[in-house]
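**Q** So that you have it, the file is coords-v7.csv, and it contains CSV, C-alpha atoms:
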```
chain,number,residue,atom,x,y,z
L,1,MET,CA,128.7,1.7,58.5
L,2,ALA,CA,127.7,-0.4,55.6
L,3,THR,CA,124.2,-1.8,55.7
L,4,ALA,CA,123.3,-5.2,54.4
L,5,THR,CA,121.2,-5.3,51.3
L,6,ARG,CA,117.9,-6.8,51.9
L,7,VAL,CA,116.8,-9.3,49.2
L,8,LYS,CA,113.2,-8.8,48.2
L,9,ARG,CA,111.2,-12.1,48.1
L,10,PRO,CA,108.4,-12.6,45.6
L,11,ALA,CA,104.9,-12.5,46.9
L,12,GLY,CA,103.8,-15.9,48.2
L,13,TYR,CA,107.3,-17.1,48.7
L,14,ARG,CA,107.8,-19.9,51.3
L,15,PRO,CA,111.2,-21.2,52.3
L,16,GLY,CA,111.7,-24.8,51.3
L,17,ALA,CA,108.7,-24.8,49.0
L,18,GLY,CA,110.8,-25.7,45.9
L,19,THR,CA,112.6,-28.5,47.8
L,20,LYS,CA,109.3,-30.0,48.9
L,21,SER,CA,107.9,-29.8,45.3
L,22,ALA,CA,111.0,-31.5,44.0
L,23,ARG,CA,110.8,-34.2,46.6
L,24,ALA,CA,107.1,-34.8,45.7
L,25,ALA,CA,107.9,-35.0,42.0
L,26,ASN,CA,110.7,-37.4,42.7
L,27,LEU,CA,108.4,-39.5,44.8
L,28,VAL,CA,105.8,-39.7,42.1
L,29,VAL,CA,108.3,-40.6,39.4
L,30,LEU,CA,109.9,-43.3,41.6
L,31,SER,CA,106.5,-44.7,42.5
L,32,VAL,CA,105.5,-45.0,38.9
L,33,LEU,CA,108.8,-46.6,38.0
L,34,ALA,CA,108.4,-49.1,40.9
L,35,VAL,CA,104.9,-50.1,39.7
L,36,LEU,CA,106.2,-50.6,36.2
L,37,PHE,CA,109.1,-52.7,37.5
L,38,LEU,CA,106.8,-54.9,39.6
L,39,ILE,CA,104.2,-55.5,36.9
L,40,PRO,CA,106.0,-58.5,35.3
L,41,PHE,CA,106.4,-60.1,38.8
L,42,TYR,CA,102.7,-59.6,39.4
L,43,LEU,CA,101.8,-61.2,36.1
L,44,ILE,CA,104.1,-64.2,36.7
L,45,LEU,CA,102.5,-64.8,40.2
L,46,ARG,CA,99.0,-64.3,38.9
L,47,ASN,CA,99.4,-66.7,36.0
L,48,ALA,CA,101.3,-69.2,38.2
L,49,LEU,CA,98.2,-69.7,40.4
L,50,ALA,CA,95.7,-69.7,37.5
L,51,THR,CA,94.6,-72.4,35.2
L,52,ASP,CA,95.5,-72.4,31.5
L,53,ALA,CA,91.8,-71.5,30.7
L,54,GLU,CA,91.9,-68.5,33.0
L,55,ILE,CA,95.2,-67.3,31.6
L,56,THR,CA,93.9,-67.4,28.0
L,57,ALA,CA,90.4,-66.1,28.8
L,58,PRO,CA,89.3,-63.0,26.9
L,59,GLY,CA,88.2,-61.2,30.0
L,60,TRP,CA,90.8,-59.7,32.3
L,61,MET,CA,91.1,-61.1,35.9
L,62,TRP,CA,93.3,-59.3,38.4
L,63,PHE,CA,93.8,-62.5,40.5
L,64,PRO,CA,92.3,-66.0,40.3
L,65,SER,CA,89.1,-66.3,42.4
L,66,SER,CA,90.3,-69.7,43.6
L,67,PRO,CA,94.1,-70.0,43.3
L,68,SER,CA,95.4,-73.3,42.0
L,69,TRP,CA,97.8,-74.1,44.9
L,70,GLU,CA,98.0,-77.7,43.6
L,71,ASN,CA,100.2,-76.3,40.8
L,72,ILE,CA,103.1,-76.2,43.2
L,73,PRO,CA,103.3,-79.9,44.1
L,74,ASN,CA,102.4,-80.8,40.5
L,75,LEU,CA,105.4,-78.9,39.3
L,76,PHE,CA,107.8,-80.8,41.5
L,77,ASN,CA,106.2,-84.1,41.0
L,78,ASP,CA,106.2,-84.0,37.2
L,79,PRO,CA,108.3,-87.0,36.1
L,80,ALA,CA,109.1,-85.4,32.7
L,81,VAL,CA,110.7,-82.3,34.2
L,82,PRO,CA,113.1,-82.8,37.2
L,83,MET,CA,112.5,-79.3,38.6
L,84,ALA,CA,114.1,-79.9,42.0
L,85,ARG,CA,117.2,-81.4,40.4
L,86,SER,CA,117.4,-78.5,37.9
L,87,LEU,CA,117.3,-76.0,40.7
L,88,LEU,CA,120.1,-77.8,42.4
L,89,ASN,CA,122.1,-78.0,39.2
L,90,SER,CA,121.7,-74.3,38.6
L,91,ALA,CA,122.8,-73.5,42.1
L,92,VAL,CA,126.0,-75.7,41.7
L,93,VAL,CA,126.8,-74.2,38.3
L,94,ALA,CA,126.1,-70.6,39.4
L,95,VAL,CA,128.1,-70.8,42.7
L,96,ALA,CA,131.1,-72.7,41.1
L,97,THR,CA,131.2,-70.3,38.2
L,98,THR,CA,131.1,-67.3,40.5
L,99,VAL,CA,133.9,-68.6,42.7
L,100,GLY,CA,136.0,-69.6,39.8
L,101,THR,CA,135.5,-66.3,37.9
L,102,LEU,CA,136.4,-64.3,41.0
L,103,LEU,CA,139.6,-66.3,41.5
L,104,LEU,CA,140.7,-66.1,37.9
L,105,CYS,CA,139.7,-62.6,37.0
L,106,THR,CA,140.7,-60.9,40.3
L,107,THR,CA,144.2,-62.4,40.1
L,108,ALA,CA,144.5,-61.6,36.4
L,109,GLY,CA,143.3,-58.0,37.0
L,110,TYR,CA,145.6,-57.5,39.9
L,111,GLY,CA,148.6,-58.8,37.9
L,112,LEU,CA,147.8,-56.5,35.0
L,113,ALA,CA,147.4,-53.5,37.3
L,114,ARG,CA,150.3,-54.0,39.7
L,115,ILE,CA,153.0,-56.4,38.6
L,116,PRO,CA,155.6,-54.7,36.4
L,117,TYR,CA,155.9,-56.5,33.1
L,118,ARG,CA,156.9,-55.0,29.8
L,119,HIS,CA,154.2,-56.9,27.9
L,120,ALA,CA,151.4,-56.2,30.4
L,121,ASN,CA,149.6,-53.7,28.1
L,122,LYS,CA,149.7,-56.1,25.2
L,123,VAL,CA,148.2,-58.8,27.4
L,124,PHE,CA,145.5,-56.3,28.5
L,125,TYR,CA,144.7,-55.4,24.9
L,126,LEU,CA,144.4,-59.1,24.1
L,127,VAL,CA,141.9,-59.5,27.0
L,128,LEU,CA,139.9,-56.5,25.7
L,129,ALA,CA,140.0,-58.1,22.2
L,130,THR,CA,138.1,-61.1,23.5
L,131,LEU,CA,135.2,-58.8,24.2
L,132,MET,CA,134.9,-57.9,20.5
L,133,ILE,CA,134.6,-61.5,19.4
L,134,PRO,CA,130.9,-62.6,19.1
L,135,GLY,CA,130.0,-65.6,21.2
L,136,ALA,CA,128.7,-67.4,18.1
L,137,VAL,CA,132.3,-67.5,16.7
L,138,THR,CA,133.7,-69.4,19.7
L,139,PHE,CA,130.6,-71.5,20.4
L,140,VAL,CA,131.3,-74.4,18.0
L,141,PRO,CA,135.0,-74.7,18.8
L,142,SER,CA,134.2,-74.7,22.5
L,143,PHE,CA,131.6,-77.4,22.0
L,144,VAL,CA,134.0,-79.6,20.0
L,145,MET,CA,136.7,-79.2,22.7
L,146,VAL,CA,134.2,-80.1,25.5
L,147,SER,CA,132.9,-83.0,23.5
L,148,SER,CA,136.3,-84.4,22.8
L,149,LEU,CA,137.1,-84.3,26.6
L,150,GLY,CA,133.9,-86.3,27.3
L,151,TRP,CA,132.3,-83.5,29.4
L,152,ILE,CA,128.9,-83.6,27.8
L,153,SER,CA,126.1,-83.8,30.4
L,154,ASP,CA,128.8,-83.1,33.0
L,155,PHE,CA,129.3,-80.3,35.5
L,156,ARG,CA,132.8,-79.8,34.1
L,157,GLY,CA,131.5,-79.0,30.7
L,158,LEU,CA,128.9,-76.6,32.1
L,159,ILE,CA,131.3,-74.7,34.4
L,160,ILE,CA,135.0,-74.8,33.2
L,161,PRO,CA,134.6,-73.2,29.7
L,162,THR,CA,132.7,-70.2,31.2
L,163,LEU,CA,135.1,-69.4,34.1
L,164,PHE,CA,137.2,-66.7,32.6
L,165,ASN,CA,135.4,-63.5,31.7
L,166,GLY,CA,137.2,-60.7,29.9
L,167,PHE,CA,134.8,-58.0,31.0
L,168,VAL,CA,135.2,-59.0,34.7
L,169,ALA,CA,139.0,-59.0,34.3
L,170,PHE,CA,138.8,-55.5,32.8
L,171,LEU,CA,136.7,-54.3,35.7
L,172,CYS,CA,139.1,-55.8,38.2
L,173,ARG,CA,142.1,-54.1,36.5
L,174,GLN,CA,140.3,-50.8,36.6
L,175,TYR,CA,139.5,-51.2,40.3
L,176,PHE,CA,143.0,-52.3,41.3
L,177,LEU,CA,144.6,-49.4,39.5
L,178,GLY,CA,142.7,-47.1,41.9
L,179,PHE,CA,143.5,-49.1,45.0
L,180,PRO,CA,145.8,-47.2,47.5
L,181,ARG,CA,149.4,-48.2,46.8
L,182,GLU,CA,150.4,-47.1,50.3
L,183,LEU,CA,148.7,-50.2,51.8
L,184,GLU,CA,150.6,-52.5,49.5
L,185,GLU,CA,153.9,-50.8,50.1
L,186,ALA,CA,153.4,-51.1,53.9
L,187,ALA,CA,152.7,-54.9,53.3
L,188,ARG,CA,156.0,-55.2,51.3
L,189,VAL,CA,157.9,-53.5,54.1
L,190,ASP,CA,156.6,-56.3,56.3
L,191,GLY,CA,158.0,-58.8,53.9
L,192,LEU,CA,155.0,-59.7,51.8
L,193,GLY,CA,155.3,-60.2,48.1
L,194,TYR,CA,152.6,-59.5,45.5
L,195,TRP,CA,150.8,-62.7,46.3
L,196,GLY,CA,150.7,-62.1,50.0
L,197,ALA,CA,149.8,-58.4,49.6
L,198,PHE,CA,146.9,-59.4,47.3
L,199,TRP,CA,145.4,-62.0,49.7
L,200,ARG,CA,146.1,-60.2,53.0
L,201,ILE,CA,145.7,-56.6,52.1
L,202,VAL,CA,143.9,-56.1,48.8
L,203,VAL,CA,141.2,-58.7,49.0
L,204,PRO,CA,140.0,-58.0,52.6
L,205,ASN,CA,139.7,-54.3,51.7
L,206,SER,CA,137.8,-54.9,48.5
L,207,GLY,CA,134.6,-56.5,49.9
L,208,ASN,CA,132.1,-54.2,48.2
L,209,PHE,CA,133.7,-54.6,44.8
L,210,LEU,CA,134.1,-58.3,45.0
L,211,ALA,CA,130.5,-58.7,46.2
L,212,ALA,CA,129.3,-56.6,43.2
L,213,ILE,CA,131.2,-58.8,40.8
L,214,ALA,CA,129.9,-61.9,42.5
L,215,VAL,CA,126.3,-60.7,42.1
L,216,ILE,CA,126.8,-59.9,38.4
L,217,THR,CA,128.5,-63.3,37.7
L,218,PHE,CA,125.9,-65.3,39.7
L,219,VAL,CA,123.0,-63.7,37.9
L,220,GLY,CA,124.6,-64.3,34.5
L,221,ALA,CA,125.4,-68.0,35.3
L,222,TRP,CA,121.9,-68.6,36.7
L,223,ASN,CA,120.2,-67.2,33.6
L,224,ALA,CA,122.5,-68.9,31.1
L,225,PHE,CA,120.5,-70.9,28.6
L,226,LEU,CA,122.2,-71.7,25.3
L,227,TRP,CA,125.4,-73.3,26.6
L,228,PRO,CA,123.6,-75.5,29.3
L,229,LEU,CA,121.0,-76.5,26.6
L,230,VAL,CA,123.7,-77.8,24.3
L,231,ILE,CA,125.9,-79.4,27.0
L,232,GLY,CA,123.2,-80.7,29.2
L,233,ARG,CA,121.8,-83.6,27.1
L,234,SER,CA,120.6,-85.7,30.0
L,235,PRO,CA,117.7,-84.5,32.2
L,236,ASP,CA,119.9,-85.1,35.2
L,237,SER,CA,122.2,-82.3,34.0
L,238,TRP,CA,119.5,-79.8,33.1
L,239,THR,CA,119.7,-76.3,34.7
L,240,VAL,CA,116.5,-74.5,35.6
L,241,GLN,CA,116.5,-72.5,32.4
L,242,VAL,CA,116.6,-75.6,30.3
L,243,ALA,CA,113.8,-77.1,32.4
L,244,LEU,CA,111.7,-74.0,31.8
L,245,SER,CA,112.0,-74.5,28.0
L,246,THR,CA,110.4,-77.9,28.2
L,247,PHE,CA,107.0,-76.4,29.2
L,248,LEU,CA,106.8,-74.5,25.9
L,249,THR,CA,107.4,-76.8,22.9
L,250,ALA,CA,105.9,-77.2,19.4
L,251,GLN,CA,103.8,-80.1,20.7
L,252,THR,CA,102.6,-79.0,24.1
L,253,VAL,CA,102.1,-75.7,25.9
L,254,SER,CA,101.6,-75.6,29.7
L,255,LEU,CA,101.3,-72.0,30.6
L,256,SER,CA,100.4,-72.3,34.3
L,257,GLN,CA,103.4,-74.6,34.9
L,258,LEU,CA,105.6,-72.4,32.8
L,259,PHE,CA,104.8,-69.3,34.9
L,260,LEU,CA,105.0,-71.2,38.2
L,261,ALA,CA,108.4,-72.6,37.2
L,262,ALA,CA,109.5,-69.1,36.2
L,263,CYS,CA,108.4,-67.8,39.6
L,264,VAL,CA,110.4,-70.5,41.4
L,265,ALA,CA,113.4,-69.8,39.2
L,266,ILE,CA,113.6,-66.1,39.9
L,267,LEU,CA,113.2,-66.4,43.7
L,268,PRO,CA,117.0,-67.0,44.3
L,269,LEU,CA,117.9,-64.1,42.2
L,270,VAL,CA,115.4,-61.8,44.0
L,271,PHE,CA,116.9,-62.8,47.4
L,272,VAL,CA,120.5,-62.3,46.1
L,273,PHE,CA,119.6,-58.9,44.7
L,274,LEU,CA,117.8,-57.8,47.9
L,275,PHE,CA,120.6,-58.7,50.2
L,276,LEU,CA,123.5,-57.5,48.0
L,277,GLN,CA,122.1,-54.6,46.0
L,278,ARG,CA,124.0,-52.0,48.0
L,279,PHE,CA,127.3,-53.8,47.3
L,280,LEU,CA,126.3,-53.9,43.6
L,281,VAL,CA,125.9,-50.1,43.4
L,282,GLN,CA,129.0,-49.4,45.5
L,283,GLY,CA,131.2,-51.9,43.7
L,284,VAL,CA,130.4,-50.6,40.2
L,285,ALA,CA,131.1,-47.1,41.4
L,286,GLN,CA,134.5,-48.1,42.5
L,287,THR,CA,135.7,-49.6,39.2
L,288,GLY,CA,136.5,-46.2,37.7
L,289,LEU,CA,133.5,-46.4,35.3
L,290,LYS,CA,131.6,-43.6,36.8
L,291,GLY,CA,130.1,-41.3,34.2
```
How would this structure read if it were set down as structure tokens?

**A**
Amino acid sequence: MATATRVKRPAGYRPGAGTKSARAANLVVLSVLAVLFLIPFYLILRNALATDAEITAPGWMWFPSSPSWENIPNLFNDPAVPMARSLLNSAVVAVATTVGTLLLCTTAGYGLARIPYRHANKVFYLVLATLMIPGAVTFVPSFVMVSSLGWISDFRGLIIPTLFNGFVAFLCRQYFLGFPRELEEAARVDGLGYWGAFWRIVVPNSGNFLAAIAVITFVGAWNAFLWPLVIGRSPDSWTVQVALSTFLTAQTVSLSQLFLAACVAILPLVFVFLFLQRFLVQGVAQTGLKG
């Protein structure tokens, strides 16, 4: 009878010791990265509740000894900067841009991925070509077109030119190429065409991906600055990013108000990311772009 060979363990060997050491190292690395990630948020909050003199003082102060809570009502009561209106404008622009981009790019991506058409690849390459054109090249023609339509200081000028995104259309096509064809074929057996299969089968089963695209688009629309700055001439049409720029000019600098406004401006993004971060990771992984 053959006997099992006994593996000789090194002196001091403990089962699971390597795994515990790896976990401890990962915990330390993640803790350091988390602290580095949170430092900018800490600085914004600290400076938002400090005075301009405390912010520019030569000595370092971890947190104001007497936080200036009056900065908050002063920010929203400033007649020169309609902060509340700017937040509302940003919310309207970001939500409308997100919904419009999802409608346009998902239908375009599904059509390129599923509908048989001999020029589909050519259209797809043209969409990819738009990603290679710098935004500065199309900025002036877009402004001239919006101006000729009378959309200056108007939501239409802020939203409509930014609805279609070639990169999002590319992601949608990649995702729909990997979507199970069996589900769509079963829908066609039941009498549904491409349009019905898309809305009744594909969309309900693509929640994670669509949520990830929505988060990316919402964050991009909320943080947009140059286009809203040019189109939003009237203070009533300012977005929050344009309102932030008014606190730092060549004539005046209000650091405490600037940091407080920045803190208020990033709160919606923080909430969106916290609630939808798992969809963001899962959705990007499903686009076929995994390394």

**Q** Please report, as CSV, each residue of range 134-242 of chain L lying at most 8 Å from range 106-123 of chain L, together with the nearest pair of atoms and the separation in Å rounded to one decimal; use all atoms listed in the file, and order rows by chain and ascending residue number.

**A**
```
residue,atom,partner,partner_atom,distance
L:Ala169,CA,L:Gly109,CA,5.2
L:Phe170,CA,L:Gly109,CA,6.6
L:Leu171,CA,L:Gly109,CA,7.7
L:Cys172,CA,L:Gly109,CA,4.9
L:Arg173,CA,L:Gly109,CA,4.1
L:Gln174,CA,L:Ala113,CA,7.6
L:Phe176,CA,L:Tyr110,CA,6.0
L:Leu177,CA,L:Ala113,CA,5.4
L:Tyr194,CA,L:Ile115,CA,7.6
L:Phe198,CA,L:Tyr110,CA,7.7
```

**Q** Go through L:Gln257, L:Ser86, L:Asn165, L:Thr239 and flag the residue nearest Ala48 in chain L, using all atoms listed in the file for the distances.

**A**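 The answer is L:Gln257, which sits nearest to Ala48 in chain L.
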
**Q** Work out how far apart CA of Ser256 in chain L and CA of Leu38 in chain L are and give it in Å to one decimal.

**A**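 So the answer is 19.3 Å.
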
**Q** Just want the 12 Å neighbourhood of Ser147 in chain L, counted on all atoms listed in the file, with same-chain residues fewer than 3 positions away dropped. Output as a ChimeraX atom specification.

**A** /L:140-144,150-154,156-158,161,230-233

**Q** May I ask for the distance between CA of Trp195 in chain L and CA of Ala212 in chain L, given in Å to one decimal place?

**A** 22.6 Å

**Q** Between L:Ala187, L:Val93, L:Leu104, L:Ala53, which residue has the minimum interatomic distance to Ser254 in chain L, considering all atoms listed in the file?

**A** L:Ala53

**Q** Could you check how far CA of Val270 in chain L sits from CA of Phe37 in chain L, in Å to one decimal?

**A** 12.8 Å

**Q** Just checking: using all atoms listed in the file, which residue out of L:Asn208, L:Leu269, L:Asp236, L:Phe41 ends up closest to Trp222 in chain L?

**A**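 The shortest atom-to-atom distance to Trp222 in chain L comes from L:Leu269.
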
**Q** So which one's closest to Ala265 in chain L, L:Ser21, L:Ser66, L:Ser90, L:Asn205? Using all atoms listed in the file, please.

**A**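 For Ala265 in chain L, the nearest of the candidates is L:Ser90.
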
**Q** Can you tell me which residues surround Met83 in chain L at a distance of at most 12 Å, considering all atoms listed in the file, apart from same-chain residues fewer than 3 positions away, and format the answer as number ranges by chain?

**A** L: 72-80, 86-90, 235-247, 257-258, 260-262, 264-265

**Q** Pick from L:Ser31, L:Thr101, L:Ser148, L:Ser65: nearest to Thr217 in chain L, with all atoms listed in the file counted?

**A**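 Among the listed residues, L:Thr101 lies closest to Thr217 in chain L.
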
**Q** Is there a way to get, as an mmCIF file with C-alpha atoms, keeping the file's coordinate frame, all residues within 10 Å of the point (134.3, -69.4, 41.3) in file coordinates, counting all atoms listed in the file?

**A**
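Saved to point-v2.cif:
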```
data_model
loop_
_atom_site.group_PDB
_atom_site.id
_atom_site.type_symbol
_atom_site.label_atom_id
_atom_site.label_comp_id
_atom_site.auth_asym_id
_atom_site.auth_seq_id
_atom_site.Cartn_x
_atom_site.Cartn_y
_atom_site.Cartn_z
ATOM 1 C CA VAL L 93 126.800 -74.200 38.300
ATOM 2 C CA ALA L 94 126.100 -70.600 39.400
ATOM 3 C CA VAL L 95 128.100 -70.800 42.700
ATOM 4 C CA ALA L 96 131.100 -72.700 41.100
ATOM 5 C CA THR L 97 131.200 -70.300 38.200
ATOM 6 C CA THR L 98 131.100 -67.300 40.500
ATOM 7 C CA VAL L 99 133.900 -68.600 42.700
ATOM 8 C CA GLY L 100 136.000 -69.600 39.800
ATOM 9 C CA THR L 101 135.500 -66.300 37.900
ATOM 10 C CA LEU L 102 136.400 -64.300 41.000
ATOM 11 C CA LEU L 103 139.600 -66.300 41.500
ATOM 12 C CA LEU L 104 140.700 -66.100 37.900
ATOM 13 C CA CYS L 105 139.700 -62.600 37.000
ATOM 14 C CA ILE L 159 131.300 -74.700 34.400
ATOM 15 C CA ILE L 160 135.000 -74.800 33.200
ATOM 16 C CA LEU L 163 135.100 -69.400 34.100
ATOM 17 C CA PHE L 164 137.200 -66.700 32.600
ATOM 18 C CA ALA L 214 129.900 -61.900 42.500
ATOM 19 C CA THR L 217 128.500 -63.300 37.700
ATOM 20 C CA PHE L 218 125.900 -65.300 39.700
#
```

**Q** Quick one: of L:Ala224, L:Ala57, L:Leu43, L:Leu183, who's nearest to Thr162 in chain L, counting all atoms listed in the file?

**A**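 Closest to Thr162 in chain L, using all atoms listed in the file: L:Ala224.
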
**Q** Which residues, written as a ChimeraX atom specification, have at least one atom at most 7 Å from Gly166 in chain L, with only C-alpha atoms counted and residues fewer than 6 positions away on the same chain left out?

**A** /L:127-128,130-131

**Q** When you look at Ile216 in chain L with a cut-off of 10 Å (counting all atoms listed in the file), what residues show up, excluding the ones that are within fewer than 4 positions of it in the same chain? I need them as an NGL selection string.

**A** :L and (98 or 168 or 210-212 or 220-221 or 273 or 280)
